[in-house]
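Inspection log for the structure reproduced underneath, given as structure tokens.
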Amino acid sequence: HYDSKIIAVNGISINVQVAGEGPPVLFLHGFPDSLHLWDAVLPHFVLLVKVIAYDQRGFGQTSAPEGENSYKVDAILDDAIGVL
């Protein structure tokens with residue numbers, strides 16, 4: 001069972017799925033994907049750790065901020081930290 005929710009991080013709405021218990025493991029998708037990239041993989045990890053997958057900014061159900069700095073590595077890293 002996955003806990004799906006929208007959370008506010010760094011001024012945007014991020015779609016997150018969380019399941020399991022234990023140390024958190026963050027699953028980041030690539031371009032141009034969504035958290036569903038991990039659908040076949042997460043069930044194998046959820047028995048061992050707390051899995052956290054989310055739609056990165058501008059993908060899936062996460063909002064798409066505007067601005068020239070909105071998609072730089074620092075912003076994406078800040079989102080990952082905020083989700084954790």
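The chains in the structure tokens are called A, B, ... from first to last as shown; in each chain the residues are counted from 1, and the ligands are counted from 1 in the order shown.
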
What are the nearest atom pairs, with distances in Å to one decimal, for all residues of region 26-47 of chain A that come at most 9 Å from region 58-74 of chain A, using only C-alpha atoms, set out by chain and rising residue number as a tab-separated table?
residue	atom	partner	partner_atom	distance
A:Phe31	CA	A:Phe59	CA	8.6
A:Pro32	CA	A:Phe59	CA	7.3
A:Asp33	CA	A:Phe59	CA	6.9
A:Ser34	CA	A:Gly60	CA	5.3
A:Leu35	CA	A:Gly60	CA	7.4
A:His36	CA	A:Gly60	CA	8.7

Output for the residues just chosen: N, CA, C and O atoms as a PDB file, in the first residue's frame:
ATOM      1  N   PHE A  31      14.418  12.255 -17.349  1.00  0.00           N
ATOM      2  CA  PHE A  31      13.656  13.037 -18.322  1.00  0.00           C
ATOM      3  C   PHE A  31      13.220  12.110 -19.442  1.00  0.00           C
ATOM      4  O   PHE A  31      14.029  11.329 -19.930  1.00  0.00           O
ATOM      5  N   PRO A  32      12.048  12.176 -19.932  1.00  0.00           N
ATOM      6  CA  PRO A  32      10.846  12.888 -19.500  1.00  0.00           C
ATOM      7  C   PRO A  32       9.872  11.910 -18.854  1.00  0.00           C
ATOM      8  O   PRO A  32       8.875  11.557 -19.444  1.00  0.00           O
ATOM      9  N   ASP A  33      10.141  11.458 -17.682  1.00  0.00           N
ATOM     10  CA  ASP A  33       9.374  10.396 -17.049  1.00  0.00           C
ATOM     11  C   ASP A  33       8.559  10.902 -15.871  1.00  0.00           C
ATOM     12  O   ASP A  33       8.369  12.098 -15.701  1.00  0.00           O
ATOM     13  N   SER A  34       8.108   9.975 -15.042  1.00  0.00           N
ATOM     14  CA  SER A  34       7.368  10.293 -13.822  1.00  0.00           C
ATOM     15  C   SER A  34       7.711   9.245 -12.778  1.00  0.00           C
ATOM     16  O   SER A  34       8.465   8.306 -13.054  1.00  0.00           O
ATOM     17  N   LEU A  35       7.127   9.369 -11.612  1.00  0.00           N
ATOM     18  CA  LEU A  35       7.382   8.390 -10.556  1.00  0.00           C
ATOM     19  C   LEU A  35       6.953   6.987 -10.966  1.00  0.00           C
ATOM     20  O   LEU A  35       7.419   5.996 -10.414  1.00  0.00           O
ATOM     21  N   HIS A  36       6.089   6.879 -11.959  1.00  0.00           N
ATOM     22  CA  HIS A  36       5.615   5.567 -12.407  1.00  0.00           C
ATOM     23  C   HIS A  36       6.701   4.758 -13.106  1.00  0.00           C
ATOM     24  O   HIS A  36       6.522   3.560 -13.326  1.00  0.00           O
TER      25      HIS A  36
END

Using only C-alpha atoms, which residues sit within 10 Å of region 16-27 of chain A once same-chain residues fewer than 4 positions away are excluded, as a PDB file with N, CA, C and O atoms, in the first residue's frame?
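Saved file around19.pdb follows:
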ATOM      1  N   HIS A   1       0.837  -1.186   0.000  1.00  0.00           N
ATOM      2  CA  HIS A   1       0.000   0.000   0.000  1.00  0.00           C
ATOM      3  C   HIS A   1       0.879   1.246   0.000  1.00  0.00           C
ATOM      4  O   HIS A   1       1.739   1.397   0.862  1.00  0.00           O
ATOM      5  N   TYR A   2       0.647   2.115  -0.955  1.00  0.00           N
ATOM      6  CA  TYR A   2       1.418   3.354  -1.064  1.00  0.00           C
ATOM      7  C   TYR A   2       0.591   4.528  -0.557  1.00  0.00           C
ATOM      8  O   TYR A   2      -0.582   4.639  -0.872  1.00  0.00           O
ATOM      9  N   ASP A   3       1.231   5.378   0.205  1.00  0.00           N
ATOM     10  CA  ASP A   3       0.611   6.609   0.656  1.00  0.00           C
ATOM     11  C   ASP A   3       0.924   7.663  -0.404  1.00  0.00           C
ATOM     12  O   ASP A   3       2.078   8.064  -0.552  1.00  0.00           O
ATOM     13  N   SER A   4      -0.074   8.054  -1.187  1.00  0.00           N
ATOM     14  CA  SER A   4       0.101   9.071  -2.222  1.00  0.00           C
ATOM     15  C   SER A   4      -0.428  10.394  -1.711  1.00  0.00           C
ATOM     16  O   SER A   4      -1.520  10.447  -1.144  1.00  0.00           O
ATOM     17  N   LYS A   5       0.351  11.438  -1.923  1.00  0.00           N
ATOM     18  CA  LYS A   5      -0.086  12.756  -1.470  1.00  0.00           C
ATOM     19  C   LYS A   5       0.635  13.841  -2.251  1.00  0.00           C
ATOM     20  O   LYS A   5       1.660  13.599  -2.882  1.00  0.00           O
ATOM     21  N   ILE A   6       0.070  15.024  -2.199  1.00  0.00           N
ATOM     22  CA  ILE A   6       0.681  16.215  -2.771  1.00  0.00           C
ATOM     23  C   ILE A   6       1.226  17.018  -1.594  1.00  0.00           C
ATOM     24  O   ILE A   6       0.496  17.307  -0.651  1.00  0.00           O
ATOM     25  N   ILE A   7       2.512  17.348  -1.650  1.00  0.00           N
ATOM     26  CA  ILE A   7       3.120  18.138  -0.579  1.00  0.00           C
ATOM     27  C   ILE A   7       3.690  19.431  -1.157  1.00  0.00           C
ATOM     28  O   ILE A   7       4.030  19.489  -2.340  1.00  0.00           O
ATOM     29  N   LEU A  35       7.127   9.369 -11.612  1.00  0.00           N
ATOM     30  CA  LEU A  35       7.382   8.390 -10.556  1.00  0.00           C
ATOM     31  C   LEU A  35       6.953   6.987 -10.966  1.00  0.00           C
ATOM     32  O   LEU A  35       7.419   5.996 -10.414  1.00  0.00           O
ATOM     33  N   HIS A  36       6.089   6.879 -11.959  1.00  0.00           N
ATOM     34  CA  HIS A  36       5.615   5.567 -12.407  1.00  0.00           C
ATOM     35  C   HIS A  36       6.701   4.758 -13.106  1.00  0.00           C
ATOM     36  O   HIS A  36       6.522   3.560 -13.326  1.00  0.00           O
ATOM     37  N   LEU A  37       7.821   5.376 -13.401  1.00  0.00           N
ATOM     38  CA  LEU A  37       8.971   4.645 -13.926  1.00  0.00           C
ATOM     39  C   LEU A  37       9.343   3.509 -12.972  1.00  0.00           C
ATOM     40  O   LEU A  37       9.814   2.462 -13.388  1.00  0.00           O
ATOM     41  N   TRP A  38       9.100   3.719 -11.685  1.00  0.00           N
ATOM     42  CA  TRP A  38       9.525   2.789 -10.645  1.00  0.00           C
ATOM     43  C   TRP A  38       8.448   1.774 -10.247  1.00  0.00           C
ATOM     44  O   TRP A  38       8.668   0.982  -9.331  1.00  0.00           O
ATOM     45  N   VAL A  41       9.627  -1.749  -9.798  1.00  0.00           N
ATOM     46  CA  VAL A  41      10.784  -1.901  -8.912  1.00  0.00           C
ATOM     47  C   VAL A  41      10.415  -1.728  -7.437  1.00  0.00           C
ATOM     48  O   VAL A  41      10.910  -2.460  -6.573  1.00  0.00           O
ATOM     49  N   LEU A  42       9.571  -0.765  -7.143  1.00  0.00           N
ATOM     50  CA  LEU A  42       9.261  -0.429  -5.750  1.00  0.00           C
ATOM     51  C   LEU A  42       8.763  -1.602  -4.907  1.00  0.00           C
ATOM     52  O   LEU A  42       9.177  -1.729  -3.745  1.00  0.00           O
ATOM     53  N   PRO A  43       7.920  -2.492  -5.435  1.00  0.00           N
ATOM     54  CA  PRO A  43       7.464  -3.599  -4.598  1.00  0.00           C
ATOM     55  C   PRO A  43       8.596  -4.475  -4.053  1.00  0.00           C
ATOM     56  O   PRO A  43       8.471  -5.069  -2.994  1.00  0.00           O
ATOM     57  N   PHE A  45      11.593  -3.339  -3.148  1.00  0.00           N
ATOM     58  CA  PHE A  45      12.311  -2.585  -2.123  1.00  0.00           C
ATOM     59  C   PHE A  45      11.471  -2.319  -0.879  1.00  0.00           C
ATOM     60  O   PHE A  45      12.006  -2.175   0.212  1.00  0.00           O
ATOM     61  N   VAL A  46      10.165  -2.250  -1.046  1.00  0.00           N
ATOM     62  CA  VAL A  46       9.283  -1.834   0.049  1.00  0.00           C
ATOM     63  C   VAL A  46       9.329  -2.814   1.225  1.00  0.00           C
ATOM     64  O   VAL A  46       9.011  -2.441   2.353  1.00  0.00           O
ATOM     65  N   LEU A  47       9.752  -4.005   0.988  1.00  0.00           N
ATOM     66  CA  LEU A  47       9.868  -4.985   2.069  1.00  0.00           C
ATOM     67  C   LEU A  47      11.100  -4.739   2.934  1.00  0.00           C
ATOM     68  O   LEU A  47      11.206  -5.270   4.034  1.00  0.00           O
ATOM     69  N   LEU A  48      12.046  -3.942   2.422  1.00  0.00           N
ATOM     70  CA  LEU A  48      13.325  -3.738   3.098  1.00  0.00           C
ATOM     71  C   LEU A  48      13.531  -2.337   3.655  1.00  0.00           C
ATOM     72  O   LEU A  48      14.222  -2.163   4.654  1.00  0.00           O
ATOM     73  N   VAL A  49      12.982  -1.351   2.968  1.00  0.00           N
ATOM     74  CA  VAL A  49      13.240   0.046   3.308  1.00  0.00           C
ATOM     75  C   VAL A  49      11.979   0.873   3.104  1.00  0.00           C
ATOM     76  O   VAL A  49      10.985   0.393   2.568  1.00  0.00           O
ATOM     77  N   LYS A  50      12.038   2.123   3.502  1.00  0.00           N
ATOM     78  CA  LYS A  50      10.965   3.079   3.212  1.00  0.00           C
ATOM     79  C   LYS A  50      11.256   3.660   1.831  1.00  0.00           C
ATOM     80  O   LYS A  50      12.285   4.306   1.625  1.00  0.00           O
ATOM     81  N   VAL A  51      10.386   3.392   0.872  1.00  0.00           N
ATOM     82  CA  VAL A  51      10.584   3.907  -0.479  1.00  0.00           C
ATOM     83  C   VAL A  51       9.839   5.228  -0.638  1.00  0.00           C
ATOM     84  O   VAL A  51       8.711   5.394  -0.166  1.00  0.00           O
ATOM     85  N   ILE A  52      10.495   6.159  -1.298  1.00  0.00           N
ATOM     86  CA  ILE A  52       9.917   7.475  -1.575  1.00  0.00           C
ATOM     87  C   ILE A  52      10.163   7.762  -3.048  1.00  0.00           C
ATOM     88  O   ILE A  52      11.314   7.822  -3.495  1.00  0.00           O
ATOM     89  N   ALA A  53       9.095   7.902  -3.803  1.00  0.00           N
ATOM     90  CA  ALA A  53       9.198   8.254  -5.219  1.00  0.00           C
ATOM     91  C   ALA A  53       8.322   9.480  -5.445  1.00  0.00           C
ATOM     92  O   ALA A  53       7.255   9.609  -4.839  1.00  0.00           O
ATOM     93  N   TYR A  54       8.779  10.370  -6.293  1.00  0.00           N
ATOM     94  CA  TYR A  54       7.962  11.556  -6.560  1.00  0.00           C
ATOM     95  C   TYR A  54       8.157  12.032  -7.986  1.00  0.00           C
ATOM     96  O   TYR A  54       9.149  11.717  -8.630  1.00  0.00           O
ATOM     97  N   ASP A  55       7.143  12.759  -8.466  1.00  0.00           N
ATOM     98  CA  ASP A  55       7.230  13.400  -9.775  1.00  0.00           C
ATOM     99  C   ASP A  55       8.082  14.653  -9.613  1.00  0.00           C
ATOM    100  O   ASP A  55       7.747  15.532  -8.812  1.00  0.00           O
ATOM    101  N   GLN A  56       9.174  14.718 -10.347  1.00  0.00           N
ATOM    102  CA  GLN A  56      10.026  15.897 -10.256  1.00  0.00           C
ATOM    103  C   GLN A  56       9.330  17.095 -10.903  1.00  0.00           C
ATOM    104  O   GLN A  56       8.385  16.949 -11.677  1.00  0.00           O
ATOM    105  N   GLN A  61       2.287  14.747 -11.887  1.00  0.00           N
ATOM    106  CA  GLN A  61       1.318  15.597 -11.203  1.00  0.00           C
ATOM    107  C   GLN A  61       1.967  16.696 -10.374  1.00  0.00           C
ATOM    108  O   GLN A  61       1.312  17.332  -9.553  1.00  0.00           O
ATOM    109  N   THR A  62       3.246  16.913 -10.578  1.00  0.00           N
ATOM    110  CA  THR A  62       3.944  17.987  -9.860  1.00  0.00           C
ATOM    111  C   THR A  62       3.883  19.264 -10.688  1.00  0.00           C
ATOM    112  O   THR A  62       3.974  19.228 -11.913  1.00  0.00           O
ATOM    113  N   ALA A  80      14.577  17.480  -3.748  1.00  0.00           N
ATOM    114  CA  ALA A  80      14.842  16.149  -3.189  1.00  0.00           C
ATOM    115  C   ALA A  80      15.020  16.225  -1.675  1.00  0.00           C
ATOM    116  O   ALA A  80      14.454  15.409  -0.934  1.00  0.00           O
ATOM    117  N   ILE A  81      15.769  17.196  -1.221  1.00  0.00           N
ATOM    118  CA  ILE A  81      15.975  17.379   0.211  1.00  0.00           C
ATOM    119  C   ILE A  81      14.654  17.708   0.896  1.00  0.00           C
ATOM    120  O   ILE A  81      14.344  17.188   1.969  1.00  0.00           O
ATOM    121  N   VAL A  83      11.631  16.895  -0.060  1.00  0.00           N
ATOM    122  CA  VAL A  83      10.768  15.708  -0.042  1.00  0.00           C
ATOM    123  C   VAL A  83      11.193  14.775   1.090  1.00  0.00           C
ATOM    124  O   VAL A  83      10.359  14.227   1.805  1.00  0.00           O
ATOM    125  N   LEU A  84      12.502  14.617   1.267  1.00  0.00           N
ATOM    126  CA  LEU A  84      12.983  13.769   2.371  1.00  0.00           C
ATOM    127  C   LEU A  84      12.581  14.341   3.707  1.00  0.00           C
ATOM    128  O   LEU A  84      12.231  13.641   4.629  1.00  0.00           O
TER     129      LEU A  84
END

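Considering only region 6-81 of chain A, backbone DSSP assigns helix (DSSP H, G or I) to Leu35, His36, Leu37, Trp38, Leu42, Pro43, His44, Phe45, Val73, Asp74, Ala75, Ile76, Leu77, Asp78, Asp79, Ala80 and Ile81 of chain A.
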
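Shortest separation to Ala75 (chain A) among A:Ser13, A:Arg57, A:Ala40, A:Ala8 occurs at residue A:Arg57, atoms counted being only C-alpha atoms.
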
Requested in this report: Going by DSSP on the backbone, which bits of chain A are strand (DSSP E)? Write them as a list in words, please.
Outcome: Asp3, Ser4, Lys5, Ile6, Ile7, Ala8, Val9, Ile12, Ser13, Ile14, Asn15, Val16, Gln17, Val18, Ala19, Pro24, Val25, Leu26, Phe27, Lys50, Val51, Ile52, Ala53 and Tyr54 of chain A

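Shortest separation to His29 (chain A) among A:Gly82, A:Ile76, A:His44, A:Val9 occurs at residue A:Ile76, atoms counted being only C-alpha atoms.
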